[in-house]
Amino acid sequence: MDSFEMSKIAGAVLAALLLIVGSNVIIGARTASSPGQPVNGYTLPTDTATAEAAQAAADPVKTAEAPALAAPAKDGAAPAPAKDAAAPAPAAGGFDAKAVVALLASAKADDGAAGFKKCAACHAVKKDAPSGAAPNLWGIVNRPKAAQADFAAKYSDAMKAKGGEWTYENLALFLHQPKGYIAGTKMAFAGIKDPAEIANVIAYLRTLADAPAPLPN
Ligand code: HEC
C-alpha cells in the first residue's frame, strides 16, 4: 500500500466521520425541540412549530426575533386586562355606553345631523314619511324596539325579540356596534367608533320628535 492509497483511505474515513458528526448535530437540533419540550424558553405545542423552532435554533437572527413575534399572539390570548378594577365593568370591547349618555348634555345635534348622512341612505326621518329599506326614525328615542308600524313585516326576528325601548343607552350600544348589540339584525351598518360622534347622532335623533325626550341628568 503506497502513501497515495493511504491518504485516500484517510480521506474517506475523515469524510465518513464528518458525515456522522454532521448528521448528529442536525438530529440533535430536531430532537431537542420535540413537542412539549421548552426551546429557548418557549414550550412548543405542535409539530409544525417544532420544525420552525429547530430552524430558529440554528439561526441566531430568527431566534432573536422570536420573542417579538410571540408578543402579539400573547396580547391576543389575554384581551383587555382591566385598567382599573374599581371602575364599573365596561361592555364587551371596552365600549362604555354610559359614558356616551353622559356626553349628551354637551353633544351637538347639528354635528349629529351631518353625521346622520350615512344613516339617511336607508332611514327616513320626517314625521309620517314612509319607511323604505329601513324603519322611519321619527320619535325613535324611548320608542319600543321594532315598533314602526309600516316596517312591522320587515323587522328581523332578532330585532323583534330584543324587547324594551330605545333608551339613550340602548341607542349608544346599537349605534356603536349594531351586530354586537343585536346579533342577527338586518341593519347592514358597521357602527360608529367615536363616542363623541355617537353622542352627537343621538342628540340629533332626540330632535326628531314633537316633544324631545328629556336629557339625562
Ligand atoms: C344599510 C342601511 C342602513 C344604514 C346605513 C343604517 N341603518 Fe339603521 N336600520 C336599518 C335596518 C334594515 C333596520 C331594521 C333592522 C332589523 O330589523 O334588524 C334598522 C334599524 C335601526 C334602528 C331601530 C329602529 C326600530 O324601529 O326599532 C335604529 C335606532 C337605527 N336603525 C338607527 C340608525 C342610525 C342612527 C344609523 C346611522 C348611524 C343607521 N341606523 C344606519 C338599515 C340601516
# chains A, B, ... in the order shown; residues from 1 in each chain; ligands from 1
$ residues_near_ligand --ligand "ligand 1" --cutoff "6 Å" --atoms "only C-alpha atoms and all ligand atoms" --output "list in words"
Phe116, Lys118, Cys119, Ala121, Cys122, Ala133, Ala134, Pro135, Lys145, Ala146, Ala147, Gln148, Tyr155, Ser156, Met159, Leu175, Thr185, Lys186, Met187, Ala188 and Phe189 of chain A
$ residues_around --residues "range 208-213 of chain A" --least-positions-apart "5" --cutoff "7 Å" --atoms "only C-alpha atoms" --output "VMD selection string"
chain A and resid 138 to 139 141
$ write_last_selection --atoms "N, CA and C atoms" --output "compact mmCIF listing (two decimals), in the first residue's frame"
# COMPACT_ATOMS: atom_id res chain seq x y z
N TRP A 138 -88.44 58.84 13.06
CA TRP A 138 -89.13 59.92 13.78
C TRP A 138 -89.60 59.38 15.14
N GLY A 139 -89.24 60.08 16.18
CA GLY A 139 -89.68 59.69 17.52
C GLY A 139 -89.00 58.43 18.06
N VAL A 141 -86.34 57.98 20.02
CA VAL A 141 -85.89 57.93 21.42
C VAL A 141 -87.05 57.51 22.33
$ closest_residue --among "A:Lys154, A:Lys193, A:Lys127, A:Lys160" --to "Thr207 in chain A" --atoms "only C-alpha atoms"
A:Lys127
$ closest_residue --among "A:Asn200, A:Ser7, A:Asn217, A:Gln177" --to "Lys108 in chain A" --atoms "only C-alpha atoms"
A:Asn200
